[in-house]
$ cat upload10.cif   # mmCIF, C-alpha atoms
data_input
#
loop_
_atom_site.group_PDB
_atom_site.id
_atom_site.type_symbol
_atom_site.label_atom_id
_atom_site.label_comp_id
_atom_site.auth_asym_id
_atom_site.auth_seq_id
_atom_site.Cartn_x
_atom_site.Cartn_y
_atom_site.Cartn_z
ATOM 1 C CA MET A 1 179.045 -44.329 -36.495
ATOM 2 C CA ILE A 2 178.527 -45.956 -39.857
ATOM 3 C CA ASP A 3 175.006 -47.257 -39.177
ATOM 4 C CA PRO A 4 173.546 -45.394 -36.189
ATOM 5 C CA VAL A 5 170.099 -47.009 -36.400
ATOM 6 C CA ASN A 6 171.392 -50.570 -36.120
ATOM 7 C CA THR A 7 174.135 -49.655 -33.653
ATOM 8 C CA ILE A 8 171.686 -47.937 -31.306
ATOM 9 C CA ARG A 9 169.091 -50.674 -31.794
ATOM 10 C CA GLN A 10 171.648 -53.323 -30.795
ATOM 11 C CA VAL A 11 172.629 -51.436 -27.639
ATOM 12 C CA CYS A 12 169.045 -50.758 -26.572
ATOM 13 C CA LEU A 13 167.718 -54.249 -27.256
ATOM 14 C CA GLY A 14 170.670 -55.721 -25.353
ATOM 15 C CA LEU A 15 169.293 -54.228 -22.133
ATOM 16 C CA PRO A 16 166.864 -56.229 -19.953
ATOM 17 C CA GLU A 17 163.179 -56.172 -20.958
ATOM 18 C CA VAL A 18 163.521 -53.506 -23.651
ATOM 19 C CA SER A 19 161.192 -53.291 -26.634
ATOM 20 C CA GLU A 20 161.224 -51.110 -29.713
ATOM 21 C CA ARG A 21 158.358 -49.510 -31.563
ATOM 22 C CA LEU A 22 157.719 -46.401 -33.577
ATOM 23 C CA SER A 23 156.625 -43.388 -31.587
ATOM 24 C CA HIS A 24 156.021 -40.115 -33.384
ATOM 25 C CA GLY A 25 157.179 -41.952 -36.519
ATOM 26 C CA THR A 26 160.672 -42.743 -35.277
ATOM 27 C CA PRO A 27 162.424 -45.692 -33.564
ATOM 28 C CA THR A 28 161.861 -45.498 -29.815
ATOM 29 C CA TRP A 29 162.886 -47.859 -27.010
ATOM 30 C CA PHE A 30 160.864 -48.688 -23.919
ATOM 31 C CA VAL A 31 161.442 -50.513 -20.644
ATOM 32 C CA ARG A 32 158.791 -53.198 -20.161
ATOM 33 C CA ASP A 33 156.975 -51.745 -23.162
ATOM 34 C CA LYS A 34 155.911 -48.732 -21.073
ATOM 35 C CA LYS A 35 158.594 -46.206 -20.168
ATOM 36 C CA CYS A 36 160.503 -44.552 -22.978
ATOM 37 C CA PHE A 37 164.232 -44.068 -22.432
ATOM 38 C CA ALA A 38 165.632 -43.400 -25.928
ATOM 39 C CA GLN A 39 164.324 -41.998 -29.183
ATOM 40 C CA LEU A 40 166.264 -41.844 -32.451
ATOM 41 C CA TRP A 41 165.788 -39.202 -35.121
ATOM 42 C CA PRO A 42 167.967 -40.548 -37.975
ATOM 43 C CA ASP A 43 166.909 -37.766 -40.366
ATOM 44 C CA GLY A 44 166.591 -34.984 -37.814
ATOM 45 C CA HIS A 45 163.512 -33.494 -36.220
ATOM 46 C CA HIS A 46 162.014 -30.032 -36.713
ATOM 47 C CA HIS A 47 164.797 -27.417 -36.728
ATOM 48 C CA ASN A 48 167.453 -29.970 -35.705
ATOM 49 C CA ASP A 49 168.278 -31.080 -39.254
ATOM 50 C CA PHE A 50 170.886 -33.657 -38.286
ATOM 51 C CA PRO A 51 170.743 -37.264 -37.060
ATOM 52 C CA HIS A 52 170.403 -37.406 -33.303
ATOM 53 C CA LEU A 53 169.290 -39.399 -30.294
ATOM 54 C CA TRP A 54 167.270 -38.242 -27.301
ATOM 55 C CA CYS A 55 167.903 -39.997 -23.959
ATOM 56 C CA ALA A 56 166.704 -39.645 -20.411
ATOM 57 C CA ALA A 57 169.635 -38.471 -18.289
ATOM 58 C CA PRO A 58 170.529 -38.769 -14.624
ATOM 59 C CA PRO A 59 169.855 -35.569 -12.649
ATOM 60 C CA GLY A 60 172.324 -32.851 -13.610
ATOM 61 C CA SER A 61 174.169 -34.892 -16.220
ATOM 62 C CA ALA A 62 172.465 -33.358 -19.271
ATOM 63 C CA ALA A 63 173.726 -29.893 -18.310
ATOM 64 C CA GLU A 64 177.203 -31.311 -17.614
ATOM 65 C CA LEU A 65 177.373 -33.100 -20.968
ATOM 66 C CA ILE A 66 176.157 -30.034 -22.865
ATOM 67 C CA ALA A 67 178.640 -27.767 -21.087
ATOM 68 C CA ALA A 68 181.531 -30.196 -21.661
ATOM 69 C CA ASP A 69 180.842 -30.808 -25.372
ATOM 70 C CA PRO A 70 178.174 -28.560 -26.919
ATOM 71 C CA ASP A 71 179.083 -29.739 -30.426
ATOM 72 C CA VAL A 72 177.843 -33.241 -29.557
ATOM 73 C CA TYR A 73 175.263 -32.735 -26.791
ATOM 74 C CA PHE A 74 172.230 -30.434 -26.770
ATOM 75 C CA ARG A 75 168.949 -29.832 -24.970
ATOM 76 C CA PRO A 76 166.257 -31.482 -27.085
ATOM 77 C CA PRO A 77 162.832 -29.920 -27.586
ATOM 78 C CA TYR A 78 159.828 -31.291 -25.691
ATOM 79 C CA VAL A 79 161.869 -33.438 -23.271
ATOM 80 C CA GLY A 80 164.941 -31.327 -22.488
ATOM 81 C CA HIS A 81 163.143 -29.530 -19.670
ATOM 82 C CA ARG A 82 162.693 -32.957 -18.019
ATOM 83 C CA GLY A 83 166.450 -33.536 -17.972
ATOM 84 C CA TRP A 84 166.803 -35.420 -21.248
ATOM 85 C CA VAL A 85 169.864 -34.922 -23.435
ATOM 86 C CA GLY A 86 170.259 -34.911 -27.195
ATOM 87 C CA VAL A 87 173.265 -36.537 -28.861
ATOM 88 C CA ARG A 88 174.295 -35.426 -32.336
ATOM 89 C CA LEU A 89 175.280 -38.446 -34.398
ATOM 90 C CA ASP A 90 176.956 -36.491 -37.214
ATOM 91 C CA THR A 91 179.895 -35.258 -35.138
ATOM 92 C CA GLY A 92 182.104 -38.329 -35.068
ATOM 93 C CA VAL A 93 180.873 -39.336 -31.616
ATOM 94 C CA GLN A 94 182.013 -42.893 -30.945
ATOM 95 C CA ALA A 95 179.586 -45.790 -30.594
ATOM 96 C CA ASP A 96 180.888 -46.674 -27.119
ATOM 97 C CA GLU A 97 180.175 -43.141 -25.880
ATOM 98 C CA VAL A 98 176.628 -43.328 -27.261
ATOM 99 C CA ALA A 99 176.210 -46.761 -25.644
ATOM 100 C CA GLU A 100 177.207 -45.271 -22.286
ATOM 101 C CA VAL A 101 174.601 -42.496 -22.638
ATOM 102 C CA ILE A 102 171.985 -45.111 -23.541
ATOM 103 C CA GLU A 103 172.831 -47.295 -20.546
ATOM 104 C CA ASP A 104 172.678 -44.272 -18.226
ATOM 105 C CA SER A 105 169.281 -43.449 -19.713
ATOM 106 C CA TYR A 106 168.052 -46.978 -19.112
ATOM 107 C CA ARG A 107 169.215 -46.781 -15.488
ATOM 108 C CA VAL A 108 167.162 -43.591 -15.003
ATOM 109 C CA VAL A 109 163.936 -45.152 -16.291
ATOM 110 C CA ALA A 110 164.173 -48.868 -15.440
ATOM 111 C CA PRO A 111 162.955 -50.254 -12.113
ATOM 112 C CA LYS A 112 165.621 -51.208 -9.568
ATOM 113 C CA THR A 113 165.139 -54.922 -10.214
ATOM 114 C CA LEU A 114 166.099 -54.525 -13.877
ATOM 115 C CA VAL A 115 169.060 -52.277 -13.034
ATOM 116 C CA ALA A 116 170.234 -54.971 -10.600
ATOM 117 C CA ARG A 117 169.904 -57.558 -13.360
ATOM 118 C CA LEU A 118 171.971 -55.352 -15.689
ATOM 119 C CA ASP A 119 174.641 -54.970 -13.008
ATOM 120 C CA ALA A 120 174.700 -58.708 -12.312
ATOM 121 C CA ALA A 121 175.171 -59.483 -16.011
ATOM 122 C CA ALA A 122 178.098 -57.034 -16.190
ATOM 123 C CA ALA A 123 179.789 -58.310 -13.004
ATOM 124 C CA PRO A 124 182.942 -60.355 -13.556
ATOM 125 C CA GLY A 125 182.899 -64.006 -12.657
#
$ encode --input "upload10.cif" --output "structure tokens"
Amino acid sequence: MIDPVNTIRQVCLGLPEVSERLSHGTPTWFVRDKKCFAQLWPDGHHHNDFPHLWCAAPPGSAAELIAADPDVYFRPPYVGHRGWVGVRLDTGVQADEVAEVIEDSYRVVAPKTLVARLDAAAAPG
């Protein structure tokens, strides 16, 4: 990804009722300005000295992603124990793969009415 901040911002803000604000000094996205679903660390965070994204993950998927590609996915501090997944952005991971992780994260946190609205917008016809 050439510009991860703007790429991720575009994906997140394209989802229904998402807002962005700084949290812990870094860009963070919220559903209905309340529930966090993605947090970007463009310059790294603590001992993870590389650009990365933290996302809520569906049950079991964080472990699956980490096992399948540990060079890209990792268990982030503070939120990893709650099933969140970290995505390294310095590994050549493609923007569409990151977008998929973000959408899955949104689906975990957003109320059913907003998920239904997302599905309706994506439906053909």
$ resolve_selection --input "upload10.cif" --expression "the PyMOL selection byres ((chain A and resi 118) around 12)" --output "ChimeraX atom specification"
/A:14-18,103-104,106-107,110-117,119-123
$ resolve_selection --input "upload10.cif" --expression "the PyMOL selection byres ((chain A and resi 3-13) around 10)" --output "count of residues only"
33
$ residues_near_point --input "upload10.cif" --point "(180.0, -35.1, -26.5)" --cutoff "10 Å" --atoms "all atoms listed in the file" --output "ChimeraX atom specification"
/A:65-74,86-89,91-94,97-98,101
$ write_last_selection --input "upload10.cif" --atoms "C-alpha atoms" --output "JSON list (two decimals), in the coordinates of the input"
[["chain", "number", "residue", "atom", "x", "y", "z"],
["A", 65, "LEU", "CA", 177.37, -33.10, -20.97],
["A", 66, "ILE", "CA", 176.16, -30.03, -22.86],
["A", 67, "ALA", "CA", 178.64, -27.77, -21.09],
["A", 68, "ALA", "CA", 181.53, -30.20, -21.66],
["A", 69, "ASP", "CA", 180.84, -30.81, -25.37],
["A", 70, "PRO", "CA", 178.17, -28.56, -26.92],
["A", 71, "ASP", "CA", 179.08, -29.74, -30.43],
["A", 72, "VAL", "CA", 177.84, -33.24, -29.56],
["A", 73, "TYR", "CA", 175.26, -32.74, -26.79],
["A", 74, "PHE", "CA", 172.23, -30.43, -26.77],
["A", 86, "GLY", "CA", 170.26, -34.91, -27.20],
["A", 87, "VAL", "CA", 173.26, -36.54, -28.86],
["A", 88, "ARG", "CA", 174.30, -35.43, -32.34],
["A", 89, "LEU", "CA", 175.28, -38.45, -34.40],
["A", 91, "THR", "CA", 179.90, -35.26, -35.14],
["A", 92, "GLY", "CA", 182.10, -38.33, -35.07],
["A", 93, "VAL", "CA", 180.87, -39.34, -31.62],
["A", 94, "GLN", "CA", 182.01, -42.89, -30.94],
["A", 97, "GLU", "CA", 180.18, -43.14, -25.88],
["A", 98, "VAL", "CA", 176.63, -43.33, -27.26],
["A", 101, "VAL", "CA", 174.60, -42.50, -22.64]]
$ closest_residue --input "upload10.cif" --among "A:Lys34, A:His24, A:His45, A:Arg75" --to "Ala57 (chain A)" --atoms "all atoms listed in the file"
A:Arg75
$ closest_residue --input "upload10.cif" --among "A:Ala62, A:Leu22, A:Val85, A:Ala56" --to "Val109 (chain A)" --atoms "all atoms listed in the file"
A:Ala56
$ residues_near_point --input "upload10.cif" --point "(167.7, -35.5, -20.1)" --cutoff "9 Å" --atoms "all atoms listed in the file" --output "list in words"
Trp54, Cys55, Ala56, Ala57, Pro58, Pro59, Gly60, Ser61, Ala62, Ala63, Arg75, Pro76, Val79, Gly80, His81, Arg82, Gly83, Trp84, Val85, Gly86 and Ser105 of chain A
